[in-house]
Structures are given as C-alpha cells and as structure tokens.
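These notes are about the structure you will find just below.
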Amino acid sequence: MLYVQIVRQVGFRTNFSKTDLSNILDRELELQLREVSEVSMGTDIAEEDIESIHQCCDQVLELNTYKASLLQYLQDRMNAIAPNLTMMVGELVGARLISHAGSLIN
C-alpha cells in the first residue's frame, strides 16, 4: 500500500523532489527515494496516463479499506460464534474450517 500511496501523491516523476512524503514515509526512506529518483532513467508519462494511474491507485486504496472492514467483520463474527476455535486457529482458518464442514449445526 505504501507504493500506491506514494504513486498517488507524487504523480509525475518530476514532482518527486517537490512532494512532501513525510505523512507516508519516515525521513530516512524519503531521502533515499529522493536520491534514487534523481538518477531515474524512466520516461515521461502522458497526462491521460497519469489520470488512469490515479484512478487505479484510488481503486486499490478503496479495495484495501474494504478488505480491512471485511477482516474486522470476520473477526467480530468469529469471536461471537466460535470463540474457542478462533483462539486455537485464528479467525481466517476457523472460518474456512466452518465453511468446509458446512455449518456449526450438523
């Protein structure tokens, strides 16, 4: 997600040196990336391409947020339905075991 956030915030490669990434990266990593970006041999990107890239970045970030909400839902449900199983194997494995078994009733 860090890469997507950086790409979304920076946009064009030429903006890298002017973009403040302190809200995403720690200072040391930000300085290292700035040094590397100065010697980058990449090509320029068209404005339309940047817009498409930004849309893709937004979708990835939205999907990541949705994934986190689904994981929280799964954790809540598994702790309510099968707390012992959840403690033994975790939410994800527990949910898969219940799904494979068919249900908790039979």
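Chains: A, B, ... in order of the structure tokens. Residues: from 1 per chain. Ligands: from 1, in order shown.
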Worksheet entry | Contacts of A:Ser22 within 12 Å, only C-alpha atoms, excl. fewer than 3 positions in-chain, as a list in words | Gln5, Ile6, Gln9, Lys18, Thr19, Leu25, Asp26, Arg27, Glu28, Leu29, Glu30 and Leu31 of chain A
Just to be explicit: take each residue in the selection above, keep C-alpha atoms, and write the result as a PDB file, in the first residue's frame.
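Saved file again02.pdb follows:
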```pdb
ATOM      1  CA  GLN A   5       0.151   5.908  -1.712  1.00  0.00           C
ATOM      2  CA  ILE A   6       3.453   7.314  -2.975  1.00  0.00           C
ATOM      3  CA  GLN A   9       0.655  11.535  -4.057  1.00  0.00           C
ATOM      4  CA  LYS A  18       8.769  18.806  -4.632  1.00  0.00           C
ATOM      5  CA  THR A  19       6.355  16.406  -2.937  1.00  0.00           C
ATOM      6  CA  LEU A  25       7.365   7.633   4.891  1.00  0.00           C
ATOM      7  CA  ASP A  26       9.922   8.112   7.603  1.00  0.00           C
ATOM      8  CA  ARG A  27      12.591  10.716   6.904  1.00  0.00           C
ATOM      9  CA  GLU A  28      15.413   8.269   6.083  1.00  0.00           C
ATOM     10  CA  LEU A  29      13.431   6.330   3.488  1.00  0.00           C
ATOM     11  CA  GLU A  30      12.123   9.554   1.966  1.00  0.00           C
ATOM     12  CA  LEU A  31      15.692  10.824   1.500  1.00  0.00           C
TER      13      LEU A  31
END
```
Discussion item. Among chain A, which residues does DSSP mark as helix (DSSP H, G or I) when it is run on the backbone? Keep the chain and numbering as in the structure and answer as a PyMOL selection string.
Written reply: chain A and resi 2-10+13-18+27-38+47-81+83-89+91-101
Neighbouring residues of A:Ala82 were defined as those with any atom within 12 Å, considering only C-alpha atoms; residues of the same chain fewer than 4 positions away were excluded. Please report them as a PDB file with N, CA and C atoms, in the first residue's frame.
```pdb
ATOM      1  N   LEU A  74     -15.189 -10.282   9.969  1.00  0.00           N
ATOM      2  CA  LEU A  74     -14.904 -11.698  10.189  1.00  0.00           C
ATOM      3  C   LEU A  74     -14.415 -11.932  11.613  1.00  0.00           C
ATOM      4  N   GLN A  75     -13.544 -11.066  12.102  1.00  0.00           N
ATOM      5  CA  GLN A  75     -13.047 -11.201  13.472  1.00  0.00           C
ATOM      6  C   GLN A  75     -14.187 -11.094  14.479  1.00  0.00           C
ATOM      7  N   ASP A  76     -15.056 -10.115  14.296  1.00  0.00           N
ATOM      8  CA  ASP A  76     -16.188  -9.936  15.205  1.00  0.00           C
ATOM      9  C   ASP A  76     -17.120 -11.140  15.185  1.00  0.00           C
ATOM     10  N   ARG A  77     -17.458 -11.610  13.989  1.00  0.00           N
ATOM     11  CA  ARG A  77     -18.374 -12.753  13.867  1.00  0.00           C
ATOM     12  C   ARG A  77     -17.765 -14.030  14.445  1.00  0.00           C
ATOM     13  N   MET A  78     -16.505 -14.277  14.145  1.00  0.00           N
ATOM     14  CA  MET A  78     -15.867 -15.497  14.645  1.00  0.00           C
ATOM     15  C   MET A  78     -15.721 -15.457  16.162  1.00  0.00           C
ATOM     16  N   THR A  86     -11.641 -19.851  17.333  1.00  0.00           N
ATOM     17  CA  THR A  86     -10.914 -18.648  16.924  1.00  0.00           C
ATOM     18  C   THR A  86      -9.616 -18.512  17.706  1.00  0.00           C
ATOM     19  N   MET A  87      -9.664 -18.794  19.000  1.00  0.00           N
ATOM     20  CA  MET A  87      -8.450 -18.699  19.819  1.00  0.00           C
ATOM     21  C   MET A  87      -7.420 -19.754  19.417  1.00  0.00           C
ATOM     22  N   MET A  88      -7.904 -20.921  18.998  1.00  0.00           N
ATOM     23  CA  MET A  88      -6.980 -22.001  18.656  1.00  0.00           C
ATOM     24  C   MET A  88      -6.325 -21.802  17.293  1.00  0.00           C
ATOM     25  N   VAL A  89      -7.108 -21.425  16.279  1.00  0.00           N
ATOM     26  CA  VAL A  89      -6.562 -21.401  14.918  1.00  0.00           C
ATOM     27  C   VAL A  89      -6.637 -20.039  14.243  1.00  0.00           C
ATOM     28  N   GLY A  90      -7.312 -19.080  14.861  1.00  0.00           N
ATOM     29  CA  GLY A  90      -7.445 -17.760  14.248  1.00  0.00           C
ATOM     30  C   GLY A  90      -8.751 -17.625  13.488  1.00  0.00           C
ATOM     31  N   GLU A  91      -9.081 -16.386  13.163  1.00  0.00           N
ATOM     32  CA  GLU A  91     -10.364 -16.106  12.518  1.00  0.00           C
ATOM     33  C   GLU A  91     -10.459 -16.697  11.121  1.00  0.00           C
ATOM     34  N   LEU A  92      -9.437 -16.494  10.323  1.00  0.00           N
ATOM     35  CA  LEU A  92      -9.488 -16.913   8.923  1.00  0.00           C
ATOM     36  C   LEU A  92      -9.539 -18.432   8.783  1.00  0.00           C
ATOM     37  N   VAL A  93      -8.649 -19.119   9.466  1.00  0.00           N
ATOM     38  CA  VAL A  93      -8.635 -20.583   9.391  1.00  0.00           C
ATOM     39  C   VAL A  93      -9.911 -21.155  10.000  1.00  0.00           C
ATOM     40  N   GLY A  94     -10.363 -20.573  11.101  1.00  0.00           N
ATOM     41  CA  GLY A  94     -11.607 -21.026  11.726  1.00  0.00           C
ATOM     42  C   GLY A  94     -12.796 -20.885  10.796  1.00  0.00           C
ATOM     43  N   ALA A  95     -12.892 -19.753  10.120  1.00  0.00           N
ATOM     44  CA  ALA A  95     -13.991 -19.535   9.172  1.00  0.00           C
ATOM     45  C   ALA A  95     -13.915 -20.529   8.021  1.00  0.00           C
ATOM     46  N   LEU A  97     -12.586 -23.550   8.166  1.00  0.00           N
ATOM     47  CA  LEU A  97     -12.969 -24.862   8.692  1.00  0.00           C
ATOM     48  C   LEU A  97     -14.484 -24.988   8.797  1.00  0.00           C
ATOM     49  N   ILE A  98     -15.136 -23.950   9.312  1.00  0.00           N
ATOM     50  CA  ILE A  98     -16.595 -23.975   9.426  1.00  0.00           C
ATOM     51  C   ILE A  98     -17.230 -24.059   8.043  1.00  0.00           C
ATOM     52  N   SER A 103     -21.453 -26.189   8.287  1.00  0.00           N
ATOM     53  CA  SER A 103     -22.051 -25.270   9.258  1.00  0.00           C
ATOM     54  C   SER A 103     -21.635 -25.713  10.654  1.00  0.00           C
ATOM     55  N   LEU A 104     -22.118 -25.008  11.650  1.00  0.00           N
ATOM     56  CA  LEU A 104     -21.869 -25.407  13.036  1.00  0.00           C
ATOM     57  C   LEU A 104     -22.982 -26.289  13.586  1.00  0.00           C
TER      58      LEU A 104
END
```
Practice prompt. Fewer than 2 positions away in the same chain doesn't count, so skip those; otherwise give me all residues within 9 Å of A:Gly42, counting only C-alpha atoms, as a PyMOL selection string.
Written response: chain A and resi 13+40+44
Selection above as a file: C-alpha atoms, as a tab-separated table (two decimals), in the first residue's frame:
```tsv
chain	number	residue	atom	x	y	z
A	13	ARG	CA	8.23	11.70	-11.73
A	40	SER	CA	15.90	7.52	-12.60
A	44	ASP	CA	7.71	10.76	-19.14
```
Worksheet entry | Pairwise distance for atom CA of A:Arg8 and atom CA of A:Glu35, rounded to one decimal in Å |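 Computing the Euclidean distance for atom CA of A:Arg8 and atom CA of A:Glu35 yields 19.3 Å.
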Fill in: Top pick for closest residue to A:Val7, considering A:Asn64, A:Thr43, A:Gln32, A:Gln55 and counting only C-alpha atoms
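So, comparing all the options, the nearest one is A:Gln55.
As for atom CA of A:Asn15 and atom CA of A:Ser37, they are spaced 10.0 Å apart.
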Practice prompt. Have a look at atom CA of A:Met41 and atom CA of A:Ile53 and let me know their distance in Å, one decimal.
Written response: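 Interatomic distance, atom CA of A:Met41 to atom CA of A:Ile53: 19.2 Å.
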